[in-house]
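Reproduced below: query_39.cif, with mmCIF, C-alpha atoms.
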```
data_final
loop_
_atom_site.label_atom_id
_atom_site.label_comp_id
_atom_site.auth_asym_id
_atom_site.auth_seq_id
_atom_site.Cartn_x
_atom_site.Cartn_y
_atom_site.Cartn_z
CA MET A 1 17.77 5.08 -70.41
CA GLU A 2 14.39 5.56 -68.79
CA ASP A 3 13.83 4.47 -65.19
CA ILE A 4 11.32 1.68 -64.80
CA VAL A 5 8.68 2.70 -62.24
CA GLU A 6 6.85 -0.21 -60.69
CA GLU A 7 3.13 0.28 -60.37
CA GLU A 8 1.93 0.23 -56.76
CA LYS A 9 -0.54 -2.52 -56.06
CA CYS A 10 -2.64 -3.43 -53.06
CA ALA A 11 -0.96 -6.11 -50.97
CA ASP A 12 -4.29 -7.81 -50.35
CA CYS A 13 -6.28 -7.83 -53.61
CA GLY A 14 -3.70 -6.62 -56.16
CA CYS A 15 -5.72 -3.57 -57.22
CA SER A 16 -3.69 -0.58 -58.39
CA ARG A 17 -6.29 2.11 -57.69
CA PHE A 18 -5.90 4.06 -54.44
CA GLU A 19 -7.93 6.92 -53.01
CA GLU A 20 -7.25 9.61 -50.44
CA GLY A 21 -9.42 9.68 -47.36
CA HIS A 22 -10.47 12.79 -45.43
CA ASP A 23 -8.30 11.62 -42.51
CA ALA A 24 -5.09 11.64 -44.63
CA HIS A 25 -5.11 7.86 -45.23
CA ARG A 26 -4.46 6.24 -48.61
CA TYR A 27 -6.57 3.16 -49.05
CA CYS A 28 -7.36 0.64 -51.76
CA ALA A 29 -10.41 1.61 -53.80
CA ASP A 30 -11.39 -2.04 -54.16
CA CYS A 31 -10.97 -3.71 -50.77
CA GLY A 32 -10.35 -0.69 -48.50
CA LEU A 33 -6.93 -1.81 -47.18
CA VAL A 34 -5.03 1.20 -45.79
CA ALA A 35 -1.76 1.61 -47.68
CA GLU A 36 -0.11 4.40 -45.71
CA THR A 37 -0.75 7.42 -43.55
CA GLN A 38 0.37 10.79 -44.84
CA VAL A 39 0.34 12.70 -41.53
CA ILE A 40 0.55 11.93 -37.82
CA ASP A 41 -2.40 12.95 -35.67
CA TYR A 42 -1.13 14.81 -32.62
CA GLY A 43 -4.59 15.29 -31.17
CA GLN A 44 -5.88 13.91 -27.86
CA ASP A 45 -5.86 10.18 -27.38
CA TRP A 46 -8.64 10.07 -24.82
CA ARG A 47 -12.35 10.77 -24.79
CA SER A 48 -15.16 11.24 -22.30
CA TYR A 49 -17.65 8.46 -21.68
CA GLU A 50 -21.28 8.45 -20.64
CA ASP A 51 -20.47 7.55 -17.02
CA GLY A 52 -18.35 10.70 -16.67
CA SER A 53 -14.94 9.01 -16.83
CA GLY A 54 -12.34 10.62 -19.04
CA GLN A 55 -13.36 14.19 -18.26
CA GLU A 56 -10.11 14.82 -16.41
CA ASN A 57 -8.09 13.68 -19.45
CA GLU A 58 -6.75 10.67 -17.59
CA ARG A 59 -4.82 8.21 -19.72
CA THR A 60 -4.31 5.42 -17.20
CA GLY A 61 -6.06 3.82 -14.27
CA GLY A 62 -5.22 4.19 -10.61
CA ALA A 63 -1.82 3.33 -9.15
CA LYS A 64 -1.11 -0.10 -7.70
CA ASP A 65 -2.26 -0.52 -4.11
CA ILE A 66 0.09 -2.76 -2.13
CA LEU A 67 -2.60 -3.09 0.56
CA GLN A 68 -4.74 -5.15 -1.86
CA HIS A 69 -3.83 -8.78 -2.51
CA ASP A 70 -4.15 -8.21 -6.28
CA TYR A 71 -2.68 -4.67 -6.11
CA GLY A 72 -6.16 -3.32 -6.93
CA ILE A 73 -5.69 -3.65 -10.70
CA THR A 74 -8.40 -6.24 -11.38
CA THR A 75 -11.94 -5.40 -12.44
CA GLU A 76 -14.80 -5.56 -9.98
CA ILE A 77 -18.59 -5.67 -10.36
CA SER A 78 -20.11 -2.46 -9.02
CA THR A 79 -22.09 -2.55 -5.78
CA ASP A 80 -24.48 0.16 -7.02
CA MET A 81 -27.65 -1.70 -8.01
CA SER A 82 -30.11 1.16 -7.78
CA GLY A 83 -32.94 0.98 -10.29
CA MET A 84 -32.82 -2.81 -10.54
CA SER A 85 -35.61 -5.15 -9.64
CA SER A 86 -35.22 -7.60 -6.78
CA ALA A 87 -34.63 -10.45 -9.23
CA GLN A 88 -31.89 -8.48 -11.00
CA ARG A 89 -30.27 -7.54 -7.69
CA GLY A 90 -30.19 -11.19 -6.70
CA LYS A 91 -28.70 -12.20 -10.03
CA TRP A 92 -25.96 -9.57 -9.97
CA GLY A 93 -25.30 -10.20 -6.28
CA ARG A 94 -24.59 -13.86 -7.04
CA LEU A 95 -22.39 -12.88 -9.99
CA LYS A 96 -20.46 -10.47 -7.79
CA HIS A 97 -19.93 -13.21 -5.18
CA ILE A 98 -18.67 -15.62 -7.86
CA ASP A 99 -16.44 -12.90 -9.32
CA ASN A 100 -14.89 -12.15 -5.91
CA ARG A 101 -14.15 -15.84 -5.39
CA GLY A 102 -12.53 -16.01 -8.82
CA ARG A 103 -10.15 -13.15 -7.98
CA ILE A 104 -8.32 -15.43 -5.51
CA ARG A 105 -6.61 -17.98 -7.72
CA ASN A 106 -4.38 -19.93 -5.30
CA SER A 107 -3.46 -20.40 -1.65
CA THR A 108 -0.86 -17.60 -1.73
CA GLU A 109 -3.43 -15.03 -2.83
CA ARG A 110 -5.88 -16.36 -0.24
CA ASN A 111 -3.20 -15.91 2.44
CA LEU A 112 -2.51 -12.35 1.27
CA ALA A 113 -6.20 -11.45 1.16
CA THR A 114 -6.67 -12.60 4.77
CA ALA A 115 -3.44 -11.05 6.04
CA LEU A 116 -3.86 -7.65 4.38
CA THR A 117 -7.42 -7.37 5.69
CA GLU A 118 -6.07 -7.97 9.20
CA LEU A 119 -3.21 -5.53 8.58
CA LYS A 120 -5.59 -2.75 7.54
CA ARG A 121 -7.76 -3.42 10.59
CA ILE A 122 -4.85 -3.11 13.03
CA ALA A 123 -3.42 -0.06 11.24
CA SER A 124 -6.81 1.64 11.45
CA ARG A 125 -7.20 0.85 15.15
CA MET A 126 -3.70 2.21 15.84
CA SER A 127 -4.27 5.31 13.64
CA LEU A 128 -1.10 4.61 11.67
CA PRO A 129 -0.26 6.73 8.62
CA LYS A 130 -0.79 5.02 5.27
CA ILE A 131 2.94 5.05 4.46
CA THR A 132 3.59 2.91 7.56
CA ALA A 133 0.79 0.49 6.65
CA LYS A 134 2.22 0.15 3.13
CA GLU A 135 5.68 -0.58 4.57
CA ALA A 136 4.16 -3.30 6.77
CA ALA A 137 2.41 -4.80 3.72
CA PHE A 138 5.70 -4.76 1.81
CA ILE A 139 7.45 -6.60 4.67
CA TYR A 140 4.68 -9.19 4.83
CA ARG A 141 4.83 -9.79 1.06
CA LYS A 142 8.58 -10.33 1.30
CA ALA A 143 8.00 -12.89 4.07
CA VAL A 144 5.46 -14.70 1.87
CA ASP A 145 7.83 -14.72 -1.11
CA LYS A 146 10.57 -16.28 1.04
CA LYS A 147 8.10 -18.79 2.55
CA LEU A 148 8.67 -17.55 6.10
CA ILE A 149 4.98 -17.89 7.03
CA ARG A 150 5.03 -21.66 7.41
CA GLY A 151 4.63 -22.74 11.01
CA ARG A 152 3.55 -19.26 12.15
CA SER A 153 0.15 -17.67 12.48
CA ILE A 154 -0.93 -15.04 9.97
CA GLU A 155 -1.91 -12.71 12.83
CA GLY A 156 1.54 -13.00 14.41
CA VAL A 157 3.43 -12.23 11.21
CA VAL A 158 1.10 -9.32 10.40
CA ALA A 159 1.55 -7.82 13.87
CA ALA A 160 5.33 -8.26 13.66
CA SER A 161 5.36 -6.60 10.22
CA ILE A 162 3.44 -3.62 11.61
CA TYR A 163 5.82 -3.32 14.57
CA ALA A 164 8.83 -3.47 12.22
CA ALA A 165 7.31 -0.80 9.95
CA CYS A 166 6.70 1.47 12.95
CA ARG A 167 10.31 1.08 14.01
CA MET A 168 11.57 1.78 10.48
CA HIS A 169 9.46 4.95 10.16
CA ASN A 170 10.35 6.23 13.65
CA ASN A 171 6.75 5.85 14.79
CA PRO A 172 7.16 5.01 18.49
CA ARG A 173 4.91 2.04 19.23
CA THR A 174 5.63 -0.70 21.72
CA LEU A 175 4.95 -4.42 21.44
CA ASP A 176 2.12 -3.93 23.93
CA ASP A 177 0.57 -1.26 21.68
CA VAL A 178 0.51 -3.65 18.72
CA GLY A 179 -0.56 -6.63 20.83
CA ARG A 180 -3.48 -4.66 22.28
CA HIS A 181 -5.10 -4.49 18.83
CA SER A 182 -3.87 -7.85 17.51
CA ARG A 183 -5.30 -11.31 18.07
CA THR A 184 -1.93 -12.60 19.25
CA GLY A 185 0.25 -12.02 22.29
CA ARG A 186 3.20 -9.75 22.99
CA LYS A 187 5.72 -12.59 23.22
CA GLU A 188 4.78 -14.08 19.86
CA ILE A 189 4.97 -10.66 18.18
CA GLY A 190 8.44 -10.03 19.60
CA ARG A 191 9.68 -13.49 18.65
CA THR A 192 8.30 -13.21 15.10
CA PHE A 193 9.72 -9.69 14.74
CA ARG A 194 13.24 -10.86 15.59
CA PHE A 195 12.86 -13.75 13.13
CA LEU A 196 11.72 -11.46 10.29
CA LYS A 197 14.45 -8.94 11.04
CA ARG A 198 17.09 -11.67 10.81
CA GLN A 199 15.73 -13.49 7.74
CA LEU A 200 14.80 -10.39 5.70
CA VAL A 201 17.88 -8.42 6.84
CA LEU A 202 15.77 -5.43 7.85
CA SER A 203 17.69 -2.27 8.68
CA ILE A 204 16.15 -1.35 12.03
CA GLY A 205 18.14 0.52 14.66
CA LEU A 206 17.61 0.65 18.41
CA SER A 207 14.57 2.50 19.72
CA ASN A 208 15.30 6.02 20.91
CA PRO A 209 13.67 6.92 24.26
CA THR A 210 13.27 10.52 23.04
CA ASP A 211 10.74 9.34 20.44
CA TYR A 212 8.38 8.17 23.19
CA ILE A 213 8.44 11.42 25.18
CA PRO A 214 5.77 13.36 23.18
CA ARG A 215 3.28 10.46 23.13
CA PHE A 216 3.69 9.65 26.82
CA CYS A 217 3.33 13.32 27.80
CA SER A 218 0.20 13.59 25.65
CA GLU A 219 -1.37 10.55 27.32
CA LEU A 220 -0.45 11.90 30.78
CA LYS A 221 -1.80 15.37 29.87
CA VAL A 222 1.23 17.13 31.35
CA GLN A 223 2.39 20.64 30.50
CA LYS A 224 4.81 21.42 27.69
CA ASP A 225 7.55 22.50 30.11
CA ILE A 226 7.65 19.00 31.59
CA GLU A 227 8.07 17.50 28.12
CA LEU A 228 10.94 19.89 27.33
CA GLU A 229 12.58 19.16 30.70
CA ALA A 230 12.35 15.40 30.07
CA GLN A 231 14.04 15.83 26.70
CA ARG A 232 16.82 17.88 28.33
CA ILE A 233 17.32 15.14 30.92
CA LEU A 234 17.72 12.48 28.24
CA ALA A 235 20.12 14.71 26.28
CA SER A 236 22.30 15.22 29.36
CA VAL A 237 22.45 11.49 30.16
CA GLY A 238 23.65 10.43 26.71
CA SER A 239 22.95 7.29 24.74
CA GLU A 240 25.75 5.13 26.19
CA ALA A 241 24.13 5.00 29.63
CA MET A 242 20.82 3.75 28.15
CA ILE A 243 22.07 0.77 26.14
CA SER A 244 21.11 -1.93 28.63
CA ARG A 245 17.69 -0.50 29.52
CA GLY A 246 14.34 -0.45 27.76
CA PRO A 247 13.54 2.79 25.88
CA THR A 248 10.00 3.07 27.23
CA GLY A 249 11.18 2.74 30.82
CA ILE A 250 13.85 5.41 30.27
CA ALA A 251 11.33 7.77 28.70
CA ALA A 252 8.87 7.25 31.57
CA ALA A 253 11.60 7.80 34.16
CA ALA A 254 12.68 11.03 32.47
CA ILE A 255 9.09 12.35 32.50
CA TYR A 256 8.72 11.37 36.18
CA LEU A 257 11.94 13.15 37.11
CA ALA A 258 11.03 16.20 35.00
CA ALA A 259 7.66 16.47 36.76
CA LYS A 260 9.39 16.38 40.18
CA ARG A 261 11.82 19.09 39.08
CA GLN A 262 8.92 21.28 37.95
CA LYS A 263 7.13 20.72 41.30
CA LYS A 264 4.26 19.00 39.47
CA ASP A 265 4.67 15.48 40.75
CA ARG A 266 3.09 12.56 38.92
CA THR A 267 2.95 9.01 40.22
#
```
Please re-express this file's structure in structure tokens.
Amino acid sequence: MEDIVEEEKCADCGCSRFEEGHDAHRYCADCGLVAETQVIDYGQDWRSYEDGSGQENERTGGAKDILQHDYGITTEISTDMSGMSSAQRGKWGRLKHIDNRGRIRNSTERNLATALTELKRIASRMSLPKITAKEAAFIYRKAVDKKLIRGRSIEGVVAASIYAACRMHNNPRTLDDVGRHSRTGRKEIGRTFRFLKRQLVLSIGLSNPTDYIPRFCSELKVQKDIELEAQRILASVGSEAMISRGPTGIAAAAIYLAAKRQKKDRT
């Protein structure tokens, strides 16, 4: 008994004539519908463009930037308007302004745009590493998600987030250091920091006076032997005797005592 072989027909027009393309595709000779692909192309899936992009074989865009309110993944009209007439510059300038306004869709994004701009300003003034600034932005975003901003100033929560990030990354900065570059006061920063730490359950240990020794010695321009002597003094005292005292005061006292021991008194 002979097997009955069904004639292959095009799913679109019903034609039974197929042709082979140079790119290993079988397609309908009548309507051009591709029936199947004989081989898989393992070649590159990128190409270079006229503006120079694609030359490095990149397949994706840049990574998300937590310091941008939209994570930096939206499109933006270029600021390079060289070669344009004054009328064209005015037109594209207005379009860029409208486009920037459209990137902020609601009050939450408007809050983030304002807060992250302030955060980057303070981090730049304090010369903080980018990893610390990103940690502060992450803390602030968590506070926004949990609606902890209500009733508090944006500047206060931003400053408290930066102080918390410094503590978490063992970057010795005091409340006065943050308050010096912020538009809010020391007391509000401390109060907001304790609130965020409690509500967000941040894992932040006690400040270690030893962390402040190098920075204080650098600002005082004292010799290295005084810094080493101050660290030895703190190591001999132990942590139990420093629980009820401020870490900055202990660090300063150790440097003062070390300078007296080295016969290089400082006031």
Residue neighbourhood A:His69, 8 Å, only C-alpha atoms, exclusion window fewer than 4 positions, as number ranges by chain
A: 109, 112-113, 116
Running the PyMOL selection byres ((chain A and resi 204) around 12) on this model by hand, what would come out? Give it as a list in words.
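Applied to this file, the PyMOL selection byres ((chain A and resi 204) around 12) selects Tyr163, Ala164, Ala165, Cys166, Arg167, Met168, His169, Asn170, Phe193, Arg194, Leu196, Lys197, Arg198, Leu200, Val201, Leu202, Ser203, Gly205, Leu206, Ser207 and Asn208 of chain A.
Coordinates place atom CA of A:Ala254 at a distance of 6.4 Å from atom CA of A:Ile233.
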Please provide as a compact mmCIF listing (two decimals) with C-alpha atoms, in the coordinates of the input all residues within 12 Å of A:Glu219, with the sequence filter that same-chain residues fewer than 5 positions apart are discarded (counting all atoms listed in the file).
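Resulting contents of result-v2.txt:
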```txt
# COMPACT_ATOMS: atom_id res chain seq x y z
CA TYR A 212 8.38 8.17 23.19
CA ILE A 213 8.44 11.42 25.18
CA PRO A 214 5.77 13.36 23.18
CA GLU A 227 8.07 17.50 28.12
CA ALA A 252 8.87 7.25 31.57
CA ILE A 255 9.09 12.35 32.50
```
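For the set A:Ser244, A:Thr114, A:Ser218, A:Thr192, the residue with the smallest atom-to-atom gap to A:Gly156 is A:Thr192, counting all atoms listed in the file.
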Enter the distance from atom CA of A:Arg173 to atom CA of A:Asp265, in Å, rounded to one decimal.
25.4 Å
Output check: residues returned by the PyMOL selection byres ((chain A and resi 159) around 10), as a ChimeraX atom specification
/A:115,118-119,122-123,136,140,154-158,160-165,175,178-179,181-186,188-190,192-193
Quick one: write out the picked residues with C-alpha atoms as an mmCIF file, in the coordinates of the input?
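The result, written out as result_28.cif:
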```
data_model
loop_
_atom_site.group_PDB
_atom_site.id
_atom_site.type_symbol
_atom_site.label_atom_id
_atom_site.label_comp_id
_atom_site.auth_asym_id
_atom_site.auth_seq_id
_atom_site.Cartn_x
_atom_site.Cartn_y
_atom_site.Cartn_z
ATOM 1 C CA ALA A 115 -3.440 -11.050 6.040
ATOM 2 C CA GLU A 118 -6.070 -7.970 9.200
ATOM 3 C CA LEU A 119 -3.210 -5.530 8.580
ATOM 4 C CA ILE A 122 -4.850 -3.110 13.030
ATOM 5 C CA ALA A 123 -3.420 -0.060 11.240
ATOM 6 C CA ALA A 136 4.160 -3.300 6.770
ATOM 7 C CA TYR A 140 4.680 -9.190 4.830
ATOM 8 C CA ILE A 154 -0.930 -15.040 9.970
ATOM 9 C CA GLU A 155 -1.910 -12.710 12.830
ATOM 10 C CA GLY A 156 1.540 -13.000 14.410
ATOM 11 C CA VAL A 157 3.430 -12.230 11.210
ATOM 12 C CA VAL A 158 1.100 -9.320 10.400
ATOM 13 C CA ALA A 160 5.330 -8.260 13.660
ATOM 14 C CA SER A 161 5.360 -6.600 10.220
ATOM 15 C CA ILE A 162 3.440 -3.620 11.610
ATOM 16 C CA TYR A 163 5.820 -3.320 14.570
ATOM 17 C CA ALA A 164 8.830 -3.470 12.220
ATOM 18 C CA ALA A 165 7.310 -0.800 9.950
ATOM 19 C CA LEU A 175 4.950 -4.420 21.440
ATOM 20 C CA VAL A 178 0.510 -3.650 18.720
ATOM 21 C CA GLY A 179 -0.560 -6.630 20.830
ATOM 22 C CA HIS A 181 -5.100 -4.490 18.830
ATOM 23 C CA SER A 182 -3.870 -7.850 17.510
ATOM 24 C CA ARG A 183 -5.300 -11.310 18.070
ATOM 25 C CA THR A 184 -1.930 -12.600 19.250
ATOM 26 C CA GLY A 185 0.250 -12.020 22.290
ATOM 27 C CA ARG A 186 3.200 -9.750 22.990
ATOM 28 C CA GLU A 188 4.780 -14.080 19.860
ATOM 29 C CA ILE A 189 4.970 -10.660 18.180
ATOM 30 C CA GLY A 190 8.440 -10.030 19.600
ATOM 31 C CA THR A 192 8.300 -13.210 15.100
ATOM 32 C CA PHE A 193 9.720 -9.690 14.740
#
```
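Here atom CA of A:Ile66 and atom CA of A:Glu135 stand 9.0 Å from one another.
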Run through the PyMOL selection byres ((chain A and resi 217) around 12) on the given coordinates and return the selected residues as a count of residues only.
30
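With all atoms listed in the file as the atoms that count, the minimum distance from A:Met242 to the choices A:Lys91, A:Asp80, A:Pro209, A:Asn100 is reached by A:Pro209.
Distances here use all atoms listed in the file; by that measure, the residue among A:Ser153, A:Glu8, A:Thr79, A:Ala235 closest to A:Arg26 is A:Glu8.
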May I have the protein, DNA and RNA residues with any atom at most 7 Å from the point (-6.7, -10.8, -7.7), counting only C-alpha atoms, written as a VMD selection string?
chain A and resid 69 to 70 74 103 to 104
Which residue is closest to A:Arg94? Choose from A:Ile77, A:Lys263, A:Asp12, A:Lys64 and count all atoms listed in the file.
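Among the listed residues, the smallest separation from A:Arg94 belongs to A:Ile77.
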May I ask you to restore N, CA and C atoms in stretch 168-183 of chain A and write the result as a compact mmCIF listing (two decimals), in the frame of the given file?
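Saved file result.txt follows:
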```txt
# COMPACT_ATOMS: atom_id res chain seq x y z
N MET A 168 10.84 1.26 11.63
CA MET A 168 11.57 1.78 10.48
C MET A 168 11.18 3.22 10.15
N HIS A 169 9.94 3.59 10.47
CA HIS A 169 9.46 4.95 10.16
C HIS A 169 9.47 5.85 11.40
N ASN A 170 10.21 5.43 12.43
CA ASN A 170 10.35 6.23 13.65
C ASN A 170 8.99 6.61 14.24
N ASN A 171 8.07 5.66 14.19
CA ASN A 171 6.75 5.85 14.79
C ASN A 171 6.74 5.06 16.09
N PRO A 172 6.93 5.72 17.23
CA PRO A 172 7.16 5.01 18.49
C PRO A 172 5.94 4.22 18.97
N ARG A 173 5.96 2.94 18.74
CA ARG A 173 4.91 2.04 19.23
C ARG A 173 5.59 0.84 19.88
N THR A 174 5.05 0.43 21.00
CA THR A 174 5.63 -0.70 21.72
C THR A 174 4.96 -2.00 21.28
N LEU A 175 5.55 -3.11 21.71
CA LEU A 175 4.95 -4.42 21.44
C LEU A 175 3.57 -4.52 22.09
N ASP A 176 3.42 -3.91 23.26
CA ASP A 176 2.12 -3.93 23.93
C ASP A 176 1.08 -3.14 23.13
N ASP A 177 1.50 -2.04 22.50
CA ASP A 177 0.57 -1.26 21.68
C ASP A 177 0.03 -2.09 20.52
N VAL A 178 0.94 -2.81 19.85
CA VAL A 178 0.51 -3.65 18.72
C VAL A 178 -0.31 -4.83 19.23
N GLY A 179 0.15 -5.46 20.30
CA GLY A 179 -0.56 -6.63 20.83
C GLY A 179 -1.96 -6.30 21.34
N ARG A 180 -2.16 -5.06 21.77
CA ARG A 180 -3.48 -4.66 22.28
C ARG A 180 -4.55 -4.72 21.18
N HIS A 181 -4.14 -4.49 19.93
CA HIS A 181 -5.10 -4.49 18.83
C HIS A 181 -5.00 -5.75 17.97
N SER A 182 -4.05 -6.62 18.27
CA SER A 182 -3.87 -7.85 17.51
C SER A 182 -4.54 -9.01 18.22
N ARG A 183 -4.69 -10.11 17.49
CA ARG A 183 -5.30 -11.31 18.07
C ARG A 183 -4.23 -12.25 18.61
```
